$ cat upload-v4.cif   # mmCIF, C-alpha atoms; chains and numbers go by the auth columns
data_structure
#
loop_
_atom_site.group_PDB
_atom_site.id
_atom_site.type_symbol
_atom_site.label_atom_id
_atom_site.label_comp_id
_atom_site.label_asym_id
_atom_site.label_seq_id
_atom_site.Cartn_x
_atom_site.Cartn_y
_atom_site.Cartn_z
_atom_site.B_iso_or_equiv
_atom_site.auth_seq_id
_atom_site.auth_asym_id
ATOM 1 C CA MET A 1 0.086 -38.123 13.176 0.00 1125 A
ATOM 2 C CA ALA A 2 -3.451 -36.785 13.637 0.00 1126 A
ATOM 3 C CA TRP A 3 -4.183 -34.603 16.652 0.00 1127 A
ATOM 4 C CA GLY A 4 -7.668 -34.147 18.072 0.00 1128 A
ATOM 5 C CA ALA A 5 -9.283 -31.171 19.733 0.00 1129 A
ATOM 6 C CA ASP A 6 -8.419 -32.557 23.162 0.00 1130 A
ATOM 7 C CA THR A 7 -4.718 -31.746 22.624 0.00 1131 A
ATOM 8 C CA GLY A 8 -5.345 -28.220 23.924 0.00 1132 A
ATOM 9 C CA ALA A 9 -4.628 -26.776 20.481 0.00 1133 A
ATOM 10 C CA PRO A 10 -8.023 -26.237 18.797 0.00 1134 A
ATOM 11 C CA GLY A 11 -7.767 -26.338 15.030 0.00 1135 A
ATOM 12 C CA LEU A 12 -4.563 -28.369 14.931 0.00 1136 A
ATOM 13 C CA LEU A 13 -5.030 -31.207 12.450 0.00 1137 A
ATOM 14 C CA CYS A 14 -1.678 -32.907 11.983 0.00 1138 A
ATOM 15 C CA MET A 15 2.099 -32.548 11.813 0.00 1139 A
ATOM 16 C CA GLY A 16 4.729 -33.394 9.231 0.00 1140 A
ATOM 17 C CA SER A 17 4.768 -33.463 5.404 0.00 1141 A
ATOM 18 C CA ASP A 18 6.500 -30.635 3.525 0.00 1142 A
ATOM 19 C CA LEU A 19 6.059 -27.044 2.353 0.00 1143 A
ATOM 20 C CA SER A 20 6.283 -27.638 -1.381 0.00 1144 A
ATOM 21 C CA VAL A 21 4.066 -25.624 -3.727 0.00 1145 A
ATOM 22 C CA PRO A 22 1.751 -28.604 -4.494 0.00 1146 A
ATOM 23 C CA THR A 23 1.359 -29.400 -0.787 0.00 1147 A
ATOM 24 C CA LEU A 24 0.582 -25.785 0.132 0.00 1148 A
ATOM 25 C CA LEU A 25 -1.834 -25.418 -2.770 0.00 1149 A
ATOM 26 C CA GLN A 26 -3.762 -28.543 -1.756 0.00 1150 A
ATOM 27 C CA ALA A 27 -3.785 -27.458 1.884 0.00 1151 A
ATOM 28 C CA TYR A 28 -5.128 -23.964 1.206 0.00 1152 A
ATOM 29 C CA GLN A 29 -7.771 -25.317 -1.166 0.00 1153 A
ATOM 30 C CA HIS A 30 -9.098 -27.282 1.816 0.00 1154 A
ATOM 31 C CA GLY A 31 -8.848 -24.448 4.329 0.00 1155 A
ATOM 32 C CA ILE A 32 -5.648 -25.699 5.972 0.00 1156 A
ATOM 33 C CA PHE A 33 -2.511 -23.632 6.631 0.00 1157 A
ATOM 34 C CA PRO A 34 0.905 -24.228 8.231 0.00 1158 A
ATOM 35 C CA TRP A 35 1.832 -22.467 11.463 0.00 1159 A
ATOM 36 C CA PHE A 36 4.791 -23.448 13.623 0.00 1160 A
ATOM 37 C CA GLY A 37 7.749 -21.971 15.432 0.00 1161 A
ATOM 38 C CA ASP A 38 11.478 -22.292 14.986 0.00 1162 A
ATOM 39 C CA GLY A 39 12.662 -25.814 15.813 0.00 1163 A
ATOM 40 C CA GLU A 40 9.135 -27.269 15.715 0.00 1164 A
ATOM 41 C CA PRO A 41 7.781 -29.769 13.186 0.00 1165 A
ATOM 42 C CA ILE A 42 5.470 -28.471 10.452 0.00 1166 A
ATOM 43 C CA LEU A 43 2.026 -28.098 12.052 0.00 1167 A
ATOM 44 C CA TRP A 44 -1.174 -27.838 9.993 0.00 1168 A
ATOM 45 C CA TRP A 45 -4.243 -25.954 11.202 0.00 1169 A
ATOM 46 C CA SER A 46 -7.896 -25.409 10.283 0.00 1170 A
ATOM 47 C CA PRO A 47 -9.671 -23.479 13.078 0.00 1171 A
ATOM 48 C CA ASP A 48 -13.373 -23.777 13.752 0.00 1172 A
ATOM 49 C CA PRO A 49 -14.768 -21.161 13.752 0.00 1173 A
ATOM 50 C CA ARG A 50 -12.714 -19.295 11.161 0.00 1174 A
ATOM 51 C CA MET A 51 -12.090 -15.529 11.238 0.00 1175 A
ATOM 52 C CA VAL A 52 -13.133 -13.975 7.921 0.00 1176 A
ATOM 53 C CA LEU A 53 -13.413 -10.394 6.698 0.00 1177 A
ATOM 54 C CA ASN A 54 -16.351 -9.591 4.431 0.00 1178 A
ATOM 55 C CA VAL A 55 -14.814 -6.726 2.438 0.00 1179 A
ATOM 56 C CA ASP A 56 -18.148 -4.864 2.445 0.00 1180 A
ATOM 57 C CA LYS A 57 -17.949 -4.744 6.251 0.00 1181 A
ATOM 58 C CA PHE A 58 -14.407 -3.399 6.512 0.00 1182 A
ATOM 59 C CA ARG A 59 -14.445 -0.775 9.275 0.00 1183 A
ATOM 60 C CA LEU A 60 -12.752 2.470 8.337 0.00 1184 A
ATOM 61 C CA HIS A 61 -12.196 4.266 11.630 0.00 1185 A
ATOM 62 C CA HIS A 62 -12.010 8.067 11.637 0.00 1186 A
ATOM 63 C CA SER A 63 -8.241 8.368 12.095 0.00 1187 A
ATOM 64 C CA LEU A 64 -7.527 5.825 9.353 0.00 1188 A
ATOM 65 C CA LYS A 65 -10.012 7.568 7.060 0.00 1189 A
ATOM 66 C CA LYS A 66 -8.029 10.809 7.419 0.00 1190 A
ATOM 67 C CA THR A 67 -4.754 8.994 6.818 0.00 1191 A
ATOM 68 C CA LEU A 68 -6.063 7.277 3.688 0.00 1192 A
ATOM 69 C CA LYS A 69 -7.498 10.516 2.326 0.00 1193 A
ATOM 70 C CA HIS A 70 -4.059 12.121 2.569 0.00 1194 A
ATOM 71 C CA PHE A 71 -2.246 9.043 1.258 0.00 1195 A
ATOM 72 C CA ALA A 72 -4.486 8.630 -1.799 0.00 1196 A
ATOM 73 C CA ARG A 73 -3.990 12.252 -2.844 0.00 1197 A
ATOM 74 C CA ASP A 74 -0.248 12.523 -2.254 0.00 1198 A
ATOM 75 C CA THR A 75 1.767 11.631 -5.359 0.00 1199 A
ATOM 76 C CA ALA A 76 4.720 10.657 -3.135 0.00 1200 A
ATOM 77 C CA CYS A 77 2.559 7.875 -1.648 0.00 1201 A
ATOM 78 C CA THR A 78 1.731 4.751 -3.605 0.00 1202 A
ATOM 79 C CA ILE A 79 0.575 1.159 -3.317 0.00 1203 A
ATOM 80 C CA ARG A 80 2.524 -1.498 -5.183 0.00 1204 A
ATOM 81 C CA MET A 81 1.737 -5.171 -5.555 0.00 1205 A
ATOM 82 C CA ASP A 82 4.392 -7.878 -5.940 0.00 1206 A
ATOM 83 C CA PHE A 83 7.129 -5.272 -6.407 0.00 1207 A
ATOM 84 C CA ALA A 84 9.152 -6.349 -3.366 0.00 1208 A
ATOM 85 C CA PHE A 85 7.649 -9.607 -2.117 0.00 1209 A
ATOM 86 C CA GLU A 86 10.865 -10.877 -0.543 0.00 1210 A
ATOM 87 C CA GLN A 87 11.412 -7.597 1.306 0.00 1211 A
ATOM 88 C CA VAL A 88 7.865 -7.766 2.654 0.00 1212 A
ATOM 89 C CA ILE A 89 8.039 -11.323 3.958 0.00 1213 A
ATOM 90 C CA LEU A 90 11.458 -10.706 5.517 0.00 1214 A
ATOM 91 C CA ALA A 91 10.093 -7.573 7.200 0.00 1215 A
ATOM 92 C CA CYS A 92 7.126 -9.584 8.506 0.00 1216 A
ATOM 93 C CA ALA A 93 9.560 -12.153 9.906 0.00 1217 A
ATOM 94 C CA THR A 94 11.476 -9.530 11.881 0.00 1218 A
ATOM 95 C CA SER A 95 8.490 -7.419 12.920 0.00 1219 A
ATOM 96 C CA GLN A 96 7.935 -7.311 16.680 0.00 1220 A
ATOM 97 C CA ARG A 97 4.384 -7.997 17.866 0.00 1221 A
ATOM 98 C CA TYR A 98 2.992 -7.164 21.271 0.00 1222 A
ATOM 99 C CA GLY A 99 2.814 -10.197 23.522 0.00 1223 A
ATOM 100 C CA GLN A 100 4.863 -12.453 21.241 0.00 1224 A
ATOM 101 C CA ARG A 101 8.415 -13.670 21.442 0.00 1225 A
ATOM 102 C CA GLY A 102 10.073 -14.535 18.164 0.00 1226 A
ATOM 103 C CA THR A 103 8.103 -15.179 15.000 0.00 1227 A
ATOM 104 C CA TRP A 104 6.265 -17.955 13.194 0.00 1228 A
ATOM 105 C CA VAL A 105 7.611 -16.634 9.859 0.00 1229 A
ATOM 106 C CA VAL A 106 10.629 -18.921 10.217 0.00 1230 A
ATOM 107 C CA PRO A 107 13.200 -19.508 7.430 0.00 1231 A
ATOM 108 C CA GLU A 108 11.376 -22.606 6.144 0.00 1232 A
ATOM 109 C CA MET A 109 8.190 -20.553 5.780 0.00 1233 A
ATOM 110 C CA ILE A 110 10.021 -17.687 4.075 0.00 1234 A
ATOM 111 C CA HIS A 111 11.538 -19.984 1.454 0.00 1235 A
ATOM 112 C CA ALA A 112 8.225 -21.803 0.949 0.00 1236 A
ATOM 113 C CA TYR A 113 6.186 -18.642 0.401 0.00 1237 A
ATOM 114 C CA ILE A 114 8.785 -17.160 -1.920 0.00 1238 A
ATOM 115 C CA ARG A 115 8.366 -20.303 -4.028 0.00 1239 A
ATOM 116 C CA LEU A 116 4.599 -19.890 -3.771 0.00 1240 A
ATOM 117 C CA HIS A 117 4.984 -16.286 -4.945 0.00 1241 A
ATOM 118 C CA GLN A 118 7.098 -17.412 -7.886 0.00 1242 A
ATOM 119 C CA ALA A 119 4.285 -19.823 -8.760 0.00 1243 A
ATOM 120 C CA GLY A 120 1.806 -16.911 -8.810 0.00 1244 A
ATOM 121 C CA LEU A 121 -0.033 -18.010 -5.669 0.00 1245 A
ATOM 122 C CA ALA A 122 1.319 -15.571 -3.062 0.00 1246 A
ATOM 123 C CA HIS A 123 1.277 -11.786 -3.343 0.00 1247 A
ATOM 124 C CA SER A 124 2.466 -8.708 -1.503 0.00 1248 A
ATOM 125 C CA VAL A 125 0.618 -5.433 -1.012 0.00 1249 A
ATOM 126 C CA GLU A 126 3.131 -2.704 -0.276 0.00 1250 A
ATOM 127 C CA THR A 127 2.910 0.828 1.150 0.00 1251 A
ATOM 128 C CA TRP A 128 5.535 3.149 -0.341 0.00 1252 A
ATOM 129 C CA VAL A 129 6.301 6.751 0.638 0.00 1253 A
ATOM 130 C CA ASN A 130 8.984 8.696 -1.213 0.00 1254 A
ATOM 131 C CA ASP A 131 10.125 5.415 -2.792 0.00 1255 A
ATOM 132 C CA GLN A 132 10.652 3.869 0.651 0.00 1256 A
ATOM 133 C CA LEU A 133 8.865 0.679 1.699 0.00 1257 A
ATOM 134 C CA VAL A 134 7.169 1.622 4.977 0.00 1258 A
ATOM 135 C CA GLY A 135 4.683 -1.222 5.437 0.00 1259 A
ATOM 136 C CA GLY A 136 2.777 -4.008 3.803 0.00 1260 A
ATOM 137 C CA LEU A 137 1.385 -7.496 3.940 0.00 1261 A
ATOM 138 C CA TYR A 138 1.517 -10.757 2.072 0.00 1262 A
ATOM 139 C CA CYS A 139 -1.264 -13.181 1.289 0.00 1263 A
ATOM 140 C CA VAL A 140 -2.024 -16.395 -0.560 0.00 1264 A
ATOM 141 C CA ALA A 141 -4.555 -16.205 -3.394 0.00 1265 A
ATOM 142 C CA ILE A 142 -6.205 -19.031 -5.339 0.00 1266 A
ATOM 143 C CA GLY A 143 -8.783 -17.759 -7.800 0.00 1267 A
ATOM 144 C CA HIS A 144 -11.045 -15.482 -5.739 0.00 1268 A
ATOM 145 C CA ALA A 145 -9.965 -16.965 -2.411 0.00 1269 A
ATOM 146 C CA VAL A 146 -7.616 -14.635 -0.532 0.00 1270 A
ATOM 147 C CA PHE A 147 -5.843 -15.774 2.639 0.00 1271 A
ATOM 148 C CA GLY A 148 -4.181 -13.090 4.750 0.00 1272 A
ATOM 149 C CA GLU A 149 -0.850 -14.150 6.241 0.00 1273 A
ATOM 150 C CA SER A 150 1.214 -11.437 7.917 0.00 1274 A
ATOM 151 C CA MET A 151 1.732 -7.655 8.047 0.00 1275 A
ATOM 152 C CA PHE A 152 4.430 -5.200 9.083 0.00 1276 A
ATOM 153 C CA HIS A 153 4.840 -1.449 9.435 0.00 1277 A
ATOM 154 C CA ARG A 154 7.732 0.977 9.760 0.00 1278 A
ATOM 155 C CA SER A 155 5.533 4.039 10.067 0.00 1279 A
ATOM 156 C CA THR A 156 2.160 4.619 11.715 0.00 1280 A
ATOM 157 C CA ASP A 157 -0.785 2.945 9.957 0.00 1281 A
ATOM 158 C CA ALA A 158 1.366 1.730 7.025 0.00 1282 A
ATOM 159 C CA SER A 159 0.159 -1.876 7.384 0.00 1283 A
ATOM 160 C CA LYS A 160 -3.463 -0.727 7.738 0.00 1284 A
ATOM 161 C CA ILE A 161 -3.086 1.284 4.531 0.00 1285 A
ATOM 162 C CA ALA A 162 -1.933 -1.882 2.761 0.00 1286 A
ATOM 163 C CA LEU A 163 -4.911 -3.791 4.149 0.00 1287 A
ATOM 164 C CA ALA A 164 -7.298 -1.045 3.007 0.00 1288 A
ATOM 165 C CA ALA A 165 -5.719 -1.239 -0.439 0.00 1289 A
ATOM 166 C CA LEU A 166 -6.267 -4.991 -0.512 0.00 1290 A
ATOM 167 C CA VAL A 167 -9.924 -4.432 0.415 0.00 1291 A
ATOM 168 C CA CYS A 168 -10.227 -1.966 -2.497 0.00 1292 A
ATOM 169 C CA PHE A 169 -8.545 -4.449 -4.821 0.00 1293 A
ATOM 170 C CA CYS A 170 -11.013 -7.134 -3.741 0.00 1294 A
ATOM 171 C CA HIS A 171 -13.945 -4.789 -4.344 0.00 1295 A
ATOM 172 C CA GLN A 172 -12.637 -4.002 -7.810 0.00 1296 A
ATOM 173 C CA HIS A 173 -12.355 -7.669 -8.781 0.00 1297 A
ATOM 174 C CA GLY A 174 -15.502 -9.061 -7.165 0.00 1298 A
ATOM 175 C CA ILE A 175 -13.682 -10.819 -4.308 0.00 1299 A
ATOM 176 C CA THR A 176 -16.076 -10.785 -1.373 0.00 1300 A
ATOM 177 C CA HIS A 177 -14.145 -12.314 1.544 0.00 1301 A
ATOM 178 C CA MET A 178 -10.639 -12.472 2.949 0.00 1302 A
ATOM 179 C CA ASP A 179 -9.530 -15.248 5.291 0.00 1303 A
ATOM 180 C CA CYS A 180 -8.004 -13.947 8.523 0.00 1304 A
ATOM 181 C CA GLN A 181 -7.462 -17.425 10.025 0.00 1305 A
ATOM 182 C CA GLN A 182 -7.866 -16.812 13.768 0.00 1306 A
ATOM 183 C CA ASN A 183 -9.871 -14.428 15.913 0.00 1307 A
ATOM 184 C CA THR A 184 -8.033 -11.456 17.389 0.00 1308 A
ATOM 185 C CA GLN A 185 -9.332 -8.226 18.883 0.00 1309 A
ATOM 186 C CA HIS A 186 -7.481 -6.246 16.207 0.00 1310 A
ATOM 187 C CA LEU A 187 -9.141 -8.147 13.353 0.00 1311 A
ATOM 188 C CA ALA A 188 -12.552 -7.836 14.980 0.00 1312 A
ATOM 189 C CA SER A 189 -12.071 -4.061 15.263 0.00 1313 A
ATOM 190 C CA LEU A 190 -11.584 -3.941 11.489 0.00 1314 A
ATOM 191 C CA GLY A 191 -14.849 -5.780 10.841 0.00 1315 A
ATOM 192 C CA ALA A 192 -13.770 -9.425 10.639 0.00 1316 A
ATOM 193 C CA CYS A 193 -16.219 -11.994 12.021 0.00 1317 A
ATOM 194 C CA GLU A 194 -16.221 -15.691 12.810 0.00 1318 A
ATOM 195 C CA MET A 195 -17.626 -18.229 10.350 0.00 1319 A
ATOM 196 C CA SER A 196 -18.111 -21.950 10.861 0.00 1320 A
ATOM 197 C CA ARG A 197 -15.447 -24.096 9.240 0.00 1321 A
ATOM 198 C CA GLN A 198 -18.130 -25.986 7.310 0.00 1322 A
ATOM 199 C CA THR A 199 -19.422 -22.775 5.726 0.00 1323 A
ATOM 200 C CA PHE A 200 -15.887 -21.523 5.111 0.00 1324 A
ATOM 201 C CA ILE A 201 -14.875 -24.722 3.282 0.00 1325 A
ATOM 202 C CA ALA A 202 -18.067 -24.656 1.203 0.00 1326 A
ATOM 203 C CA GLU A 203 -17.324 -21.076 0.101 0.00 1327 A
ATOM 204 C CA LEU A 204 -13.703 -21.963 -0.636 0.00 1328 A
ATOM 205 C CA ASP A 205 -14.843 -24.622 -3.073 0.00 1329 A
ATOM 206 C CA VAL A 206 -16.606 -21.891 -5.060 0.00 1330 A
ATOM 207 C CA PHE A 207 -14.008 -19.125 -4.743 0.00 1331 A
ATOM 208 C CA THR A 208 -10.976 -21.238 -5.682 0.00 1332 A
ATOM 209 C CA ARG A 209 -12.614 -22.261 -8.961 0.00 1333 A
ATOM 210 C CA GLN A 210 -12.985 -18.662 -10.155 0.00 1334 A
ATOM 211 C CA SER A 211 -10.455 -16.997 -12.439 0.00 1335 A
ATOM 212 C CA ALA A 212 -7.623 -15.179 -10.676 0.00 1336 A
ATOM 213 C CA PRO A 213 -7.370 -11.399 -11.210 0.00 1337 A
ATOM 214 C CA GLN A 214 -4.243 -9.595 -12.326 0.00 1338 A
ATOM 215 C CA TRP A 215 -2.421 -8.427 -9.205 0.00 1339 A
ATOM 216 C CA HIS A 216 -1.686 -4.749 -9.747 0.00 1340 A
ATOM 217 C CA TYR A 217 -3.011 -1.622 -8.039 0.00 1341 A
ATOM 218 C CA SER A 218 -4.491 1.504 -9.565 0.00 1342 A
ATOM 219 C CA ARG A 219 -5.036 4.752 -7.651 0.00 1343 A
ATOM 220 C CA GLU A 220 -8.644 4.741 -8.870 0.00 1344 A
ATOM 221 C CA TYR A 221 -9.344 1.696 -6.686 0.00 1345 A
ATOM 222 C CA TRP A 222 -9.436 3.958 -3.611 0.00 1346 A
ATOM 223 C CA THR A 223 -12.846 5.233 -4.723 0.00 1347 A
ATOM 224 C CA SER A 224 -14.449 2.000 -3.504 0.00 1348 A
ATOM 225 C CA LEU A 225 -13.973 3.283 0.057 0.00 1349 A
ATOM 226 C CA SER A 226 -15.828 6.267 1.473 0.00 1350 A
ATOM 227 C CA PHE A 227 -12.960 8.367 2.858 0.00 1351 A
ATOM 228 C CA PHE A 228 -13.345 11.046 0.164 0.00 1352 A
ATOM 229 C CA SER A 229 -16.848 11.950 1.387 0.00 1353 A
#

$ encode --input "upload-v4.cif" --output "structure tokens"
Amino acid sequence: MAWGADTGAPGLLCMGSDLSVPTLLQAYQHGIFPWFGDGEPILWWSPDPRMVLNVDKFRLHHSLKKTLKHFARDTACTIRMDFAFEQVILACATSQRYGQRGTWVVPEMIHAYIRLHQAGLAHSVETWVNDQLVGGLYCVAIGHAVFGESMFHRSTDASKIALAALVCFCHQHGITHMDCQQNTQHLASLGACEMSRQTFIAELDVFTRQSAPQWHYSREYWTSLSFFS
């Protein structure tokens, strides 16, 4: 069932189908993602314009710069990738967000993205302090196309640290943009900007054809940001 823009839900394309790995892969390759609540049918979206973060324009505010400087130099603090993907997505599902009731990371989504992770197409970026998982995010990645999904934190700035680490990882591997899906004030404050869907899809066609990097994090990656200066 196709839905048009006059439904009052801009970017909503259709409903139904499934959340299998092949379906999700095809959807993301075309700039489409699932987003629905508990008890709702599977809804597929492709907003126009699209919120995208150019990693070169990531805004490192003063307080976060100080936090990262301490984190990068403390041997008790580390970034891990794909070490605890299931813990991260479950934490995202239970994380409370201002102005929202419930979560869109419903059980069907959790199971689907765990399968996507097992297929090598979804990854977690994790903030660890004293061997405790204190924050992180998960994303979908196809070649050099990175699609941000959800974040959580259990301590101040822990999710922002994970995002900064992902930016550093992207710098290291020549990944220039990260999809943020929809415009929010928080994303804009970090440097994300809107891009037309047409341009976004054209770039996706290039990025998804590039070879995927190895998803691991090295402490040396922090040097791509300027917080040591």

$ residues_around --input "upload-v4.cif" --residues "Gly1267 in chain A" --least-positions-apart "4" --cutoff "7 Å" --atoms "all atoms listed in the file" --output "list in words"
Phe1331, Thr1332, Arg1333, Gln1334, Ser1335 and Ala1336 of chain A

$ closest_residue --input "upload-v4.cif" --among "A:Phe1209, A:Gln1305, A:Met1233, A:Trp1228" --to "Asp1142 in chain A" --atoms "all atoms listed in the file"
A:Met1233

$ resolve_selection --input "upload-v4.cif" --expression "the PyMOL selection byres ((chain A and resi 1343) around 12)" --output "PyMOL selection string"
chain A and resi 1192-1193+1195-1199+1201-1204+1289+1292-1293+1296+1340-1342+1344-1349

$ axis_aligned_box --input "upload-v4.cif" --around "range 1306-1318 of chain A" --padding-each-side "5 Å" --output "lines of an AutoDock Vina configuration file"
center_x = -11.9
center_y = -10.4
center_z = 14.8
size_x = 18.7
size_y = 22.9
size_z = 18.2

$ atom_distance --input "upload-v4.cif" --atom1 "CA of Ala1269 in chain A" --atom2 "CA of Pro1171 in chain A"
16.8 Å

$ atom_distance --input "upload-v4.cif" --atom1 "CA of Ile1156 in chain A" --atom2 "CA of Ile1238 in chain A"
18.5 Å

$ resolve_selection --input "upload-v4.cif" --expression "the PyMOL selection byres ((chain A and resi 1162) around 12)" --output "PyMOL selection string"
chain A and resi 1159-1161+1163-1167+1217+1225-1234

$ closest_residue --input "upload-v4.cif" --among "A:His1185, A:His1247, A:His1235, A:His1277" --to "Val1264 in chain A" --atoms "all atoms listed in the file"
A:His1247

$ atom_distance --input "upload-v4.cif" --atom1 "CA of Ser1313 in chain A" --atom2 "CA of Arg1174 in chain A"
15.8 Å

$ residues_around --input "upload-v4.cif" --residues "Met1175 in chain A" --least-positions-apart "4" --cutoff "7 Å" --atoms "all atoms listed in the file" --output "ChimeraX atom specification"
/A:1303-1307,1316-1319

$ closest_residue --input "upload-v4.cif" --among "A:Pro1337, A:Pro1146, A:Gly1140, A:Gly1315" --to "Ile1299 in chain A" --atoms "all atoms listed in the file"
A:Pro1337

$ decode --input "upload-v4.cif" --residues "range 1143-1182 of chain A" --atoms "C-alpha atoms" --output "mmCIF file, in the first residue's frame"
data_model
loop_
_atom_site.group_PDB
_atom_site.id
_atom_site.type_symbol
_atom_site.label_atom_id
_atom_site.label_comp_id
_atom_site.auth_asym_id
_atom_site.auth_seq_id
_atom_site.Cartn_x
_atom_site.Cartn_y
_atom_site.Cartn_z
ATOM 1 C CA LEU A 1143 12.552 -7.303 8.042
ATOM 2 C CA SER A 1144 14.726 -10.024 6.551
ATOM 3 C CA VAL A 1145 18.382 -9.288 5.798
ATOM 4 C CA PRO A 1146 17.826 -9.160 1.990
ATOM 5 C CA THR A 1147 14.855 -6.805 2.389
ATOM 6 C CA LEU A 1148 16.740 -4.468 4.734
ATOM 7 C CA LEU A 1149 19.819 -4.499 2.517
ATOM 8 C CA GLN A 1150 17.792 -3.561 -0.568
ATOM 9 C CA ALA A 1151 15.926 -0.875 1.363
ATOM 10 C CA TYR A 1152 19.047 0.805 2.745
ATOM 11 C CA GLN A 1153 20.749 0.691 -0.650
ATOM 12 C CA HIS A 1154 17.866 2.846 -1.901
ATOM 13 C CA GLY A 1155 17.798 5.214 1.065
ATOM 14 C CA ILE A 1156 14.785 3.603 2.748
ATOM 15 C CA PHE A 1157 14.567 2.527 6.401
ATOM 16 C CA PRO A 1158 11.923 0.959 8.667
ATOM 17 C CA TRP A 1159 10.450 2.950 11.541
ATOM 18 C CA PHE A 1160 7.324 1.926 13.430
ATOM 19 C CA GLY A 1161 5.988 1.505 16.928
ATOM 20 C CA ASP A 1162 4.849 -1.486 18.920
ATOM 21 C CA GLY A 1163 1.659 -2.969 17.467
ATOM 22 C CA GLU A 1164 1.998 -1.060 14.179
ATOM 23 C CA PRO A 1165 2.657 -2.557 10.744
ATOM 24 C CA ILE A 1166 6.168 -2.241 9.301
ATOM 25 C CA LEU A 1167 6.434 1.299 7.902
ATOM 26 C CA TRP A 1168 9.117 2.313 5.388
ATOM 27 C CA TRP A 1169 10.481 5.851 5.161
ATOM 28 C CA SER A 1170 12.695 7.999 2.931
ATOM 29 C CA PRO A 1171 12.540 11.655 4.071
ATOM 30 C CA ASP A 1172 13.122 14.563 1.737
ATOM 31 C CA PRO A 1173 15.233 16.414 2.689
ATOM 32 C CA ARG A 1174 17.535 13.966 4.458
ATOM 33 C CA MET A 1175 19.636 14.843 7.522
ATOM 34 C CA VAL A 1176 23.292 13.991 6.874
ATOM 35 C CA LEU A 1177 26.493 14.613 8.813
ATOM 36 C CA ASN A 1178 29.575 15.495 6.778
ATOM 37 C CA VAL A 1179 32.258 14.123 9.115
ATOM 38 C CA ASP A 1180 34.541 17.076 8.313
ATOM 39 C CA LYS A 1181 31.878 19.388 9.761
ATOM 40 C CA PHE A 1182 31.351 17.535 13.034
#
